[in-house]
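Trainee: I'm passing along data_36.cif; it holds mmCIF, C-alpha atoms.
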data_structure
loop_
_atom_site.label_atom_id
_atom_site.label_comp_id
_atom_site.auth_asym_id
_atom_site.auth_seq_id
_atom_site.Cartn_x
_atom_site.Cartn_y
_atom_site.Cartn_z
CA MET A 1 119.99 62.89 121.88
CA GLU A 2 121.28 60.02 119.85
CA SER A 3 124.55 58.55 120.89
CA THR A 4 124.79 55.63 118.54
CA THR A 5 127.69 55.33 116.21
CA THR A 6 127.20 52.55 113.77
CA SER A 7 124.76 50.22 115.43
CA VAL A 8 121.14 51.17 115.19
CA PRO A 9 118.26 48.91 116.19
CA LYS A 10 117.20 46.79 113.27
CA SER A 11 113.58 47.81 113.61
CA ASP A 12 114.66 51.39 112.97
CA ALA A 13 116.57 50.41 109.87
CA ASP A 14 113.53 48.64 108.51
CA ASN A 15 111.22 51.45 109.29
CA TRP A 16 110.74 52.87 105.83
CA GLU A 17 107.34 54.40 106.60
CA ASN A 18 109.03 57.62 107.57
CA PHE A 19 110.87 57.70 104.33
CA ARG A 20 109.22 60.35 102.21
CA ASP A 21 111.24 59.52 99.13
CA GLU A 22 109.30 56.33 98.75
CA ASP A 23 106.05 58.28 98.55
CA THR A 24 107.50 60.45 95.84
CA MET A 25 108.68 57.44 93.88
CA GLN A 26 105.33 55.72 94.27
CA GLN A 27 103.50 58.78 93.10
CA GLN A 28 105.84 59.06 90.16
CA SER A 29 105.34 55.46 89.10
CA ALA A 30 101.57 55.87 89.49
CA ILE A 31 101.68 58.81 87.09
CA LEU A 32 103.78 56.79 84.66
CA ALA A 33 101.37 53.86 84.89
CA GLU A 34 98.44 56.16 84.16
CA GLU A 35 100.31 57.52 81.16
CA ALA A 36 101.13 53.98 80.03
CA GLU A 37 97.45 53.16 79.70
CA LYS A 38 96.99 55.97 77.22
CA ILE A 39 99.64 54.94 74.74
CA PRO A 40 102.01 51.96 74.52
CA PHE A 41 105.76 52.42 74.05
CA ILE A 42 105.20 51.67 70.38
CA GLY A 43 101.74 52.18 68.93
CA ASP A 44 99.90 50.38 66.16
CA LYS A 45 100.22 51.48 62.55
CA GLU A 46 97.98 54.42 61.78
CA PRO A 47 97.37 56.33 58.57
CA ILE A 48 98.95 59.79 58.40
CA SER A 49 95.42 61.15 58.25
CA ALA A 50 95.05 60.21 61.92
CA LEU A 51 97.46 63.08 62.65
CA ALA A 52 95.30 65.44 60.62
CA VAL A 53 92.26 64.60 62.76
CA GLU A 54 94.24 65.45 65.85
CA TYR A 55 95.39 68.83 64.55
CA GLN A 56 92.15 69.77 62.82
CA SER A 57 91.54 72.80 64.96
CA GLY A 58 95.22 73.69 65.04
CA SER A 59 97.53 75.69 62.86
CA PRO A 60 96.82 75.56 59.11
CA ILE A 61 100.58 75.25 58.52
CA LEU A 62 100.57 71.97 60.44
CA MET A 63 97.62 70.73 58.41
CA GLN A 64 99.46 71.51 55.19
CA LYS A 65 102.58 69.78 56.42
CA ILE A 66 100.62 66.69 57.37
CA LYS A 67 99.29 66.66 53.81
CA VAL A 68 102.85 66.80 52.49
CA LEU A 69 103.81 63.90 54.74
CA ASP A 70 100.79 61.95 53.60
CA GLU A 71 102.16 62.08 50.08
CA GLN A 72 105.50 60.66 51.15
CA TYR A 73 104.63 58.15 53.85
CA SER A 74 101.91 55.55 54.17
CA SER A 75 101.60 55.24 57.91
CA ILE A 76 102.96 56.14 61.30
CA ARG A 77 103.37 54.58 64.69
CA ARG A 78 103.16 56.74 67.77
CA THR A 79 105.48 56.27 70.69
CA ARG A 80 104.94 57.19 74.28
CA GLY A 81 106.19 60.66 75.16
CA ASP A 82 108.21 59.64 78.19
CA GLY A 83 111.52 61.18 77.17
CA ASN A 84 112.77 57.89 75.72
CA CYS A 85 110.70 58.12 72.57
CA PHE A 86 113.59 58.69 70.19
CA PHE A 87 115.46 55.61 71.42
CA ARG A 88 112.34 53.45 71.51
CA SER A 89 111.34 54.38 67.99
CA PHE A 90 114.88 53.85 66.77
CA MET A 91 114.93 50.41 68.38
CA PHE A 92 111.67 49.42 66.74
CA SER A 93 112.51 50.92 63.35
CA TYR A 94 115.89 49.31 63.18
CA LEU A 95 114.86 45.85 64.37
CA GLU A 96 111.81 45.89 62.12
CA HIS A 97 114.02 46.82 59.20
CA ILE A 98 116.32 43.87 59.88
CA LEU A 99 113.37 41.54 60.37
CA GLU A 100 111.89 42.58 57.03
CA THR A 101 115.10 42.57 55.00
CA GLN A 102 116.91 39.69 56.76
CA ASP A 103 120.06 41.62 55.95
CA LYS A 104 122.77 39.54 57.58
CA VAL A 105 125.54 41.73 56.22
CA GLU A 106 124.04 44.65 58.12
CA VAL A 107 123.74 42.55 61.28
CA ASP A 108 127.42 41.64 61.03
CA ARG A 109 128.33 45.26 60.37
CA ILE A 110 126.44 46.67 63.36
CA THR A 111 127.74 43.88 65.59
CA VAL A 112 131.27 45.10 64.86
CA ASN A 113 130.20 48.65 65.74
CA VAL A 114 128.58 47.48 68.97
CA GLU A 115 131.83 45.75 69.91
CA GLU A 116 133.64 49.03 69.18
CA CYS A 117 131.19 50.91 71.44
CA LYS A 118 131.96 48.46 74.21
CA LYS A 119 135.67 49.21 73.86
CA THR A 120 134.91 52.92 73.90
CA LEU A 121 133.16 52.59 77.25
CA GLN A 122 135.95 50.42 78.65
CA ASN A 123 138.52 53.00 77.57
CA LEU A 124 136.48 55.69 79.28
CA GLY A 125 136.74 53.73 82.51
CA TYR A 126 133.29 52.15 82.68
CA ALA A 127 133.40 48.75 84.40
CA ASP A 128 132.01 45.97 82.22
CA PHE A 129 129.32 44.99 84.71
CA ILE A 130 127.80 48.47 84.45
CA PHE A 131 126.82 48.17 80.80
CA GLU A 132 127.17 44.52 79.71
CA ASP A 133 123.60 43.45 80.55
CA PHE A 134 122.21 46.21 78.34
CA PHE A 135 124.52 45.31 75.47
CA ALA A 136 123.66 41.63 75.76
CA LEU A 137 119.94 42.32 75.64
CA PHE A 138 120.24 44.40 72.48
CA LEU A 139 122.37 41.78 70.73
CA GLU A 140 119.82 39.18 71.75
CA GLN A 141 117.03 41.17 70.06
CA LEU A 142 119.18 41.68 66.99
CA GLU A 143 119.85 37.97 66.79
CA SER A 144 116.20 37.05 67.25
CA VAL A 145 114.88 39.05 64.29
CA ILE A 146 116.99 36.93 61.95
CA GLN A 147 114.72 34.06 60.95
CA GLY A 148 115.35 30.35 60.87
CA LYS A 149 116.60 29.80 64.41
CA ASP A 150 114.99 28.46 67.56
CA THR A 151 115.15 31.93 69.02
CA SER A 152 113.68 33.70 65.98
CA ILE A 153 110.71 35.95 66.53
CA SER A 154 107.80 37.07 64.33
CA HIS A 155 106.85 40.64 63.54
CA ASN A 156 104.05 40.42 66.10
CA GLU A 157 106.49 39.25 68.71
CA LEU A 158 108.78 42.19 67.88
CA VAL A 159 105.88 44.57 68.51
CA THR A 160 105.11 42.77 71.78
CA ARG A 161 108.73 42.94 72.89
CA SER A 162 109.00 46.59 71.97
CA ARG A 163 106.07 47.20 74.31
CA ASP A 164 107.53 45.11 77.11
CA GLN A 165 109.08 47.49 79.57
CA SER A 166 111.75 45.09 80.78
CA ILE A 167 113.06 44.68 77.23
CA SER A 168 112.40 48.16 75.88
CA ASP A 169 113.98 49.95 78.85
CA TYR A 170 117.10 47.80 78.64
CA VAL A 171 117.51 48.51 74.94
CA VAL A 172 116.97 52.23 75.59
CA MET A 173 119.74 52.06 78.18
CA PHE A 174 121.96 50.28 75.69
CA PHE A 175 121.48 53.18 73.26
CA ARG A 176 122.07 55.70 76.04
CA PHE A 177 125.39 54.07 76.92
CA VAL A 178 126.40 53.95 73.26
CA THR A 179 125.43 57.61 72.83
CA SER A 180 127.25 58.70 75.98
CA GLY A 181 130.37 56.77 75.02
CA GLU A 182 130.45 58.30 71.54
CA ILE A 183 129.99 61.85 72.86
CA GLN A 184 132.76 61.43 75.43
CA LYS A 185 135.10 59.76 72.95
CA ARG A 186 134.71 62.68 70.54
CA SER A 187 134.23 65.34 73.18
CA GLU A 188 136.11 67.97 71.18
CA PHE A 189 133.66 67.58 68.34
CA PHE A 190 130.55 67.60 70.51
CA GLU A 191 131.60 70.24 73.04
CA PRO A 192 130.44 73.35 71.12
CA PHE A 193 127.04 71.78 70.40
CA ILE A 194 126.63 70.83 74.05
CA LEU A 195 127.61 74.31 75.19
CA GLY A 196 124.94 75.68 72.88
CA LEU A 197 122.32 73.38 74.36
CA THR A 198 122.95 73.36 78.07
CA ASN A 199 126.01 75.37 79.00
CA SER A 200 127.50 72.35 80.75
CA THR A 201 130.65 70.34 80.23
CA VAL A 202 130.63 67.23 78.06
CA ASP A 203 130.97 65.10 81.17
CA GLN A 204 128.10 66.77 82.99
CA PHE A 205 125.95 66.61 79.88
CA CYS A 206 126.44 62.85 79.53
CA LYS A 207 125.77 62.27 83.22
CA SER A 208 122.69 64.44 83.41
CA SER A 209 121.18 64.47 79.92
CA VAL A 210 122.23 61.26 78.19
CA GLU A 211 122.61 58.43 80.67
CA PRO A 212 119.51 58.95 82.84
CA MET A 213 116.30 57.37 81.55
CA GLY A 214 113.62 59.82 80.49
CA GLU A 215 116.00 62.53 79.31
CA GLU A 216 114.88 63.84 75.94
CA SER A 217 117.12 63.40 72.93
CA ASP A 218 118.33 66.34 70.94
CA HIS A 219 120.46 66.59 67.81
CA VAL A 220 123.59 65.83 69.86
CA HIS A 221 122.18 62.48 70.99
CA ILE A 222 120.92 61.61 67.52
CA THR A 223 124.20 62.49 65.84
CA ALA A 224 126.20 60.49 68.36
CA LEU A 225 124.00 57.39 68.13
CA SER A 226 123.93 57.54 64.34
CA ASP A 227 127.72 57.87 64.17
CA ALA A 228 128.45 55.20 66.77
CA LEU A 229 126.22 52.56 65.20
CA GLY A 230 126.76 53.71 61.61
CA VAL A 231 123.04 53.92 60.99
CA PRO A 232 121.53 56.95 59.23
CA ILE A 233 118.50 58.51 60.83
CA ARG A 234 115.96 60.89 59.39
CA VAL A 235 114.03 63.16 61.70
CA VAL A 236 110.99 64.95 60.37
CA TYR A 237 109.96 68.03 62.31
CA LEU A 238 106.28 68.73 62.31
CA ASP A 239 106.36 72.30 63.56
CA ARG A 240 104.66 75.57 62.74
CA SER A 241 107.59 77.09 60.88
CA SER A 242 106.84 78.00 57.30
CA CYS A 243 109.02 78.74 54.32
CA ASP A 244 109.68 82.26 53.10
CA THR A 245 109.05 81.21 49.55
CA GLY A 246 105.43 80.55 50.36
CA GLY A 247 105.51 76.85 49.65
CA ILE A 248 105.09 74.41 52.50
CA SER A 249 107.71 71.81 53.08
CA VAL A 250 108.44 69.69 56.09
CA THR A 251 111.80 70.08 57.75
CA MET A 252 113.71 66.85 57.46
CA ILE A 253 117.06 66.45 59.07
CA PHE A 254 119.29 63.67 57.91
CA TYR A 255 121.90 62.23 60.20
CA THR A 256 124.30 60.41 57.99
CA PRO A 257 127.33 58.65 59.40
CA SER A 258 130.25 58.28 57.03
CA ASN A 259 129.74 54.54 56.69
CA ALA A 260 126.01 54.88 56.16
CA CYS A 261 124.16 52.09 54.48
CA ARG A 262 120.72 51.76 55.94
CA LEU A 263 117.70 53.84 56.60
CA ALA A 264 115.76 54.33 59.78
CA LEU A 265 113.03 56.87 59.94
CA THR A 266 111.63 58.80 62.78
CA LEU A 267 109.21 61.63 62.95
CA ALA A 268 109.00 64.21 65.68
CA ARG A 269 106.09 66.39 66.57
CA GLU A 270 106.59 69.99 67.49
CA ASP A 271 106.81 69.45 71.23
CA GLY A 272 109.34 66.72 70.64
CA SER A 273 107.46 64.49 73.01
CA ASP A 274 105.93 62.20 70.51
CA LEU A 275 107.97 60.38 67.95
CA THR A 276 106.30 58.38 65.31
CA ARG A 277 107.64 56.04 62.75
CA PRO A 278 106.51 56.61 59.20
CA TYR A 279 106.65 53.89 56.61
CA MET A 280 107.94 54.55 53.17
CA ASP A 281 105.41 53.73 50.47
CA MET B 1 113.89 41.04 89.46
CA GLN B 2 116.28 38.52 87.96
CA ALA B 3 118.20 41.27 86.18
CA SER B 4 118.54 43.35 89.34
CA ARG B 5 119.72 40.33 91.32
CA ALA B 6 122.35 39.56 88.70
CA ARG B 7 123.56 43.13 88.63
CA LEU B 8 123.73 43.35 92.43
CA PHE B 9 125.67 40.12 92.53
CA LYS B 10 128.22 41.63 90.13
CA GLU B 11 128.45 44.70 92.31
CA TYR B 12 128.93 42.45 95.32
CA LYS B 13 131.85 40.68 93.63
CA GLU B 14 133.32 44.01 92.60
CA VAL B 15 133.08 45.30 96.17
CA GLN B 16 134.87 42.19 97.47
CA ARG B 17 137.56 42.53 94.85
CA GLU B 18 138.18 46.25 95.39
CA LYS B 19 137.81 46.23 99.13
CA SER B 20 141.00 48.12 99.79
CA ALA B 21 140.64 50.49 96.83
CA ASP B 22 138.53 52.98 98.73
CA PRO B 23 139.36 52.96 102.44
CA ASP B 24 136.69 55.58 103.15
CA ILE B 25 133.84 53.30 102.15
CA GLN B 26 132.88 49.97 103.62
CA LEU B 27 129.93 48.57 101.74
CA VAL B 28 128.25 45.47 103.15
CA CYS B 29 125.46 43.36 101.73
CA ASP B 30 122.88 41.83 104.02
CA ASP B 31 123.62 38.11 104.59
CA SER B 32 120.19 36.97 103.54
CA ASN B 33 118.92 39.69 101.21
CA ILE B 34 120.92 41.07 98.31
CA PHE B 35 118.48 44.01 98.04
CA LYS B 36 119.56 45.31 101.43
CA TRP B 37 122.94 46.92 101.95
CA THR B 38 124.60 49.09 104.52
CA ALA B 39 127.67 51.24 104.23
CA LEU B 40 130.03 52.90 106.62
CA ILE B 41 131.57 56.04 105.23
CA LYS B 42 134.22 58.24 106.72
CA GLY B 43 133.49 61.93 107.07
CA PRO B 44 135.68 63.77 104.56
CA SER B 45 138.73 65.58 105.91
CA GLU B 46 138.69 69.34 106.34
CA THR B 47 134.96 69.24 106.92
CA PRO B 48 133.02 69.27 110.20
CA TYR B 49 132.37 65.56 109.57
CA GLU B 50 136.05 64.63 109.74
CA GLY B 51 136.73 61.87 112.22
CA GLY B 52 133.15 60.65 112.09
CA VAL B 53 131.91 57.35 110.72
CA PHE B 54 128.43 57.47 109.22
CA GLN B 55 126.18 54.57 108.51
CA LEU B 56 124.04 54.53 105.38
CA VAL B 57 121.28 52.08 104.66
CA PHE B 58 120.28 51.07 101.13
CA ALA B 59 117.01 49.57 99.98
CA VAL B 60 117.40 48.48 96.39
CA PRO B 61 114.23 48.31 94.27
CA GLU B 62 113.44 45.37 92.01
CA GLN B 63 113.85 47.62 88.96
CA TYR B 64 117.45 48.37 89.89
CA PRO B 65 119.61 49.52 88.11
CA LEU B 66 116.95 51.26 86.02
CA GLN B 67 115.72 52.82 89.23
CA PRO B 68 117.92 54.25 91.96
CA PRO B 69 118.48 52.65 95.34
CA GLN B 70 116.84 54.35 98.29
CA VAL B 71 119.54 55.56 100.61
CA ARG B 72 119.44 57.32 103.92
CA PHE B 73 121.69 58.10 106.82
CA LEU B 74 121.14 55.99 109.90
CA THR B 75 123.68 58.04 111.78
CA LYS B 76 122.44 61.43 112.87
CA ILE B 77 124.03 64.16 110.79
CA PHE B 78 123.64 67.93 110.65
CA HIS B 79 123.81 68.74 106.96
CA PRO B 80 121.65 70.99 104.75
CA ASN B 81 120.75 68.18 102.36
CA VAL B 82 120.02 65.44 104.87
CA HIS B 83 116.73 65.26 106.75
CA PHE B 84 117.55 65.58 110.42
CA LYS B 85 114.95 63.04 111.56
CA THR B 86 114.67 60.50 108.74
CA GLY B 87 118.19 60.69 107.32
CA GLU B 88 116.73 61.12 103.84
CA ILE B 89 119.24 62.58 101.38
CA CYS B 90 118.53 65.24 98.80
CA LEU B 91 120.81 64.32 95.95
CA ASP B 92 119.88 64.52 92.27
CA ILE B 93 121.48 61.21 91.31
CA LEU B 94 119.17 59.45 93.77
CA LYS B 95 116.17 60.96 92.00
CA ASN B 96 115.77 62.11 88.42
CA ALA B 97 119.48 62.24 87.54
CA TRP B 98 119.92 58.56 88.36
CA SER B 99 121.33 56.28 85.69
CA PRO B 100 122.50 52.67 85.64
CA ALA B 101 126.03 54.01 85.20
CA TRP B 102 126.02 54.56 88.97
CA THR B 103 126.74 51.78 91.41
CA LEU B 104 126.16 51.47 95.14
CA GLN B 105 129.85 52.17 95.58
CA SER B 106 129.81 55.31 93.44
CA VAL B 107 126.64 56.48 95.21
CA CYS B 108 128.65 56.34 98.45
CA ARG B 109 131.33 58.46 96.82
CA ALA B 110 128.71 60.96 95.69
CA ILE B 111 127.34 61.17 99.23
CA ILE B 112 130.84 61.81 100.61
CA ALA B 113 131.21 64.57 98.00
CA LEU B 114 127.87 66.02 99.10
CA MET B 115 129.09 66.04 102.71
CA ALA B 116 132.06 68.12 101.64
CA HIS B 117 130.02 70.37 99.35
CA PRO B 118 126.59 71.08 100.82
CA GLU B 119 123.93 72.64 98.59
CA PRO B 120 122.20 75.03 100.99
CA ASP B 121 119.77 76.20 98.31
CA SER B 122 117.93 72.88 98.26
CA PRO B 123 117.82 72.11 101.96
CA LEU B 124 116.11 69.22 103.70
CA ASN B 125 117.46 70.55 106.97
CA CYS B 126 116.40 74.19 106.94
CA ASP B 127 118.24 75.13 110.11
CA SER B 128 121.46 73.92 108.63
CA GLY B 129 120.69 75.46 105.24
CA ASN B 130 119.79 78.82 106.75
CA LEU B 131 123.03 79.01 108.69
CA LEU B 132 124.99 78.58 105.48
CA ARG B 133 122.76 80.84 103.47
CA SER B 134 123.06 83.64 105.97
CA GLY B 135 126.82 83.26 105.83
CA ASP B 136 127.19 81.83 109.29
CA VAL B 137 129.71 79.21 108.24
CA ARG B 138 131.09 79.05 111.76
CA GLY B 139 127.68 78.36 113.22
CA TYR B 140 127.01 75.62 110.71
CA GLN B 141 130.40 74.05 111.22
CA SER B 142 130.17 73.98 115.00
CA MET B 143 126.70 72.42 114.91
CA ALA B 144 127.80 69.85 112.35
CA ARG B 145 130.96 69.12 114.33
CA MET B 146 128.99 68.69 117.53
CA TYR B 147 126.69 66.11 115.95
CA THR B 148 129.67 64.35 114.41
CA ARG B 149 131.15 64.01 117.89
CA LEU B 150 127.87 63.00 119.51
CA ALA B 151 126.53 60.60 116.93
CA ALA B 152 129.23 59.59 114.50
CA SER B 153 132.38 59.20 116.57
CA PRO B 154 133.50 55.72 117.51
CA LYS B 155 133.04 55.36 121.23
CA ILE B 156 136.14 55.08 123.31
CA GLY B 157 136.36 52.21 125.74
#
Represent the structure contained in this file as structure tokens.
Mentor:
Amino acid sequence: MESTTTSVPKSDADNWENFRDEDTMQQQSAILAEEAEKIPFIGDKEPISALAVEYQSGSPILMQKIKVLDEQYSSIRRTRGDGNCFFRSFMFSYLEHILETQDKVEVDRITVNVEECKKTLQNLGYADFIFEDFFALFLEQLESVIQGKDTSISHNELVTRSRDQSISDYVVMFFRFVTSGEIQKRSEFFEPFILGLTNSTVDQFCKSSVEPMGEESDHVHITALSDALGVPIRVVYLDRSSCDTGGISVTMIFYTPSNACRLALTLAREDGSDLTRPYMD
Amino acid sequence: MQASRARLFKEYKEVQREKSADPDIQLVCDDSNIFKWTALIKGPSETPYEGGVFQLVFAVPEQYPLQPPQVRFLTKIFHPNVHFKTGEICLDILKNAWSPAWTLQSVCRAIIALMAHPEPDSPLNCDSGNLLRSGDVRGYQSMARMYTRLAASPKIG
């Protein structure tokens, strides 16, 4: 029978072999590593026809929809289906857009929104140290895609960074904090949507379905992120649904914040696990 | 590694600053290793753990705060969600519901809340879980109280 109160032999404290949690975690990270070898966070550009090859033996509706997409977009990038795919593809899309356009007005605009998001979190009672590292890393990436500075990066470097877990995960967390803050700030607006999704309170939803890494994004997340940052997002659903009228069209959902001015594109497959980024022709 | 160290250092400063804010939690960082922490938490009142002081040990991974700290009880405790031998804790925020919004301090608060509100349907200690599930609240409470006295009560003299 143990009779210790607070002092336990140090050897016991260090004895983590008995700790089964560690096994679970190791197994989990092994699975993730295996998955990582199959597809990077952000894939290379592929023609839309690559999707058609994949679905060749699948539903004819999907094949027709892929054809429709092929007429509208030139290429896609796949993202890893690890539950963070929406945020990772948004990060890449947005930063690539800034890198290509060198739109400093947009950078200034979003910087103001990011500052606003920070205040939102502070008002909600989040201590600065909880989120500031994630905010700083995003702003650093945003700064670096603007050319002509010592810290500027090339398109290749942006791809490399987007595949670097230490950067990508931090930016994903930045978006998760922004999303969570926006949902909580406008909880009255989001509450009915959240009830429809999960039957939980706004608070619980943010804690369990927004802030943890690997939690899939749904329309609530996308709306909140789009609104908070003031960036419109288009999601294309490649599913088996067909139109009553007989014609095939691809469901596109536009998330348009009131102060919209830029375009980021994402494309979701039916299972939602695999977001790809199409390029406009 | 660098990021986790920086974050833990901020948490350390916060703990020093707010020392008196939460008298039920005493969180201490190892002198030589910022990835190792221990905590003393007070058993919540109106529970069989009242009057007890329980020691937790934290091992913080290098990917912290993207990954959760590993926490277990060093002090023996009879609770449905704590492994009786290893002290391992079954708590969602230490597994898949973890997020960097949590801190070592708030994890301690969550563990205190778990002590007050056991979840007998996901037991790590089946004996304890079964007592609660079969409605033998008295049996559970007296076992838990006995272990609080034996293992978690400051010795007199």
Trainee: At what distance in Å, to one decimal, does CA of Thr75 in chain B lie from CA of Lys207 in chain A?
Mentor: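 If I compute the distance from CA of Lys207 in chain A to CA of Thr75 in chain B, I get 28.9 Å.
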Trainee: Using the chain letters and numbers from this file, what does the PyMOL selection byres ((chain B and resi 87) around 8) select? Give the answer as a list in words.
Mentor: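 Those residues are Arg72, Phe73, Leu74, Thr75, Lys76, Ile77, Val82, His83, Phe84, Lys85, Thr86, Glu88 and Ile89 of chain B.
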Trainee: Just C-alpha atoms for this one: save the residues we selected as an mmCIF file, keeping the file's coordinate frame.
Mentor:
data_model
loop_
_atom_site.group_PDB
_atom_site.id
_atom_site.type_symbol
_atom_site.label_atom_id
_atom_site.label_comp_id
_atom_site.auth_asym_id
_atom_site.auth_seq_id
_atom_site.Cartn_x
_atom_site.Cartn_y
_atom_site.Cartn_z
ATOM 1 C CA ARG B 72 119.440 57.320 103.920
ATOM 2 C CA PHE B 73 121.690 58.100 106.820
ATOM 3 C CA LEU B 74 121.140 55.990 109.900
ATOM 4 C CA THR B 75 123.680 58.040 111.780
ATOM 5 C CA LYS B 76 122.440 61.430 112.870
ATOM 6 C CA ILE B 77 124.030 64.160 110.790
ATOM 7 C CA VAL B 82 120.020 65.440 104.870
ATOM 8 C CA HIS B 83 116.730 65.260 106.750
ATOM 9 C CA PHE B 84 117.550 65.580 110.420
ATOM 10 C CA LYS B 85 114.950 63.040 111.560
ATOM 11 C CA THR B 86 114.670 60.500 108.740
ATOM 12 C CA GLU B 88 116.730 61.120 103.840
ATOM 13 C CA ILE B 89 119.240 62.580 101.380
#
Trainee: For Met173 in chain A, which residue out of B:Gly129, B:Pro120, B:Pro65, B:Tyr49 is the nearest one, using only C-alpha atoms?
Mentor: B:Pro65
Trainee: Give me the residues near Phe174 in chain A as a list in words, where near means some atom within 8 Å (using only C-alpha atoms) and where sequence neighbours in that chain fewer than 5 positions away do not count.
Mentor: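 My reading of the contact set: Phe131, Phe134, Phe135 and Phe138 of chain A.
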Trainee: Only C-alpha atoms, please: the residues just picked out, written as a compact mmCIF listing (two decimals), in the frame of the given file.
Mentor:
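For reference, part-v3.txt as written:
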# COMPACT_ATOMS: atom_id res chain seq x y z
CA PHE A 131 126.82 48.17 80.80
CA PHE A 134 122.21 46.21 78.34
CA PHE A 135 124.52 45.31 75.47
CA PHE A 138 120.24 44.40 72.48
Trainee: With a cut-off of 6 Å and counting all atoms listed in the file, select all residues of chain B in contact with chain A and give the selection as a ChimeraX atom specification.
Mentor: /B:55,97-99,101,150-152,154
Trainee: Would you output that residue set with C-alpha atoms, as a PDB file, keeping the file's coordinate frame?
Mentor:
ATOM      1  CA  GLN B  55     126.180  54.570 108.510  1.00  0.00           C
ATOM      2  CA  ALA B  97     119.480  62.240  87.540  1.00  0.00           C
ATOM      3  CA  TRP B  98     119.920  58.560  88.360  1.00  0.00           C
ATOM      4  CA  SER B  99     121.330  56.280  85.690  1.00  0.00           C
ATOM      5  CA  ALA B 101     126.030  54.010  85.200  1.00  0.00           C
ATOM      6  CA  LEU B 150     127.870  63.000 119.510  1.00  0.00           C
ATOM      7  CA  ALA B 151     126.530  60.600 116.930  1.00  0.00           C
ATOM      8  CA  ALA B 152     129.230  59.590 114.500  1.00  0.00           C
ATOM      9  CA  PRO B 154     133.500  55.720 117.510  1.00  0.00           C
TER      10      PRO B 154
END
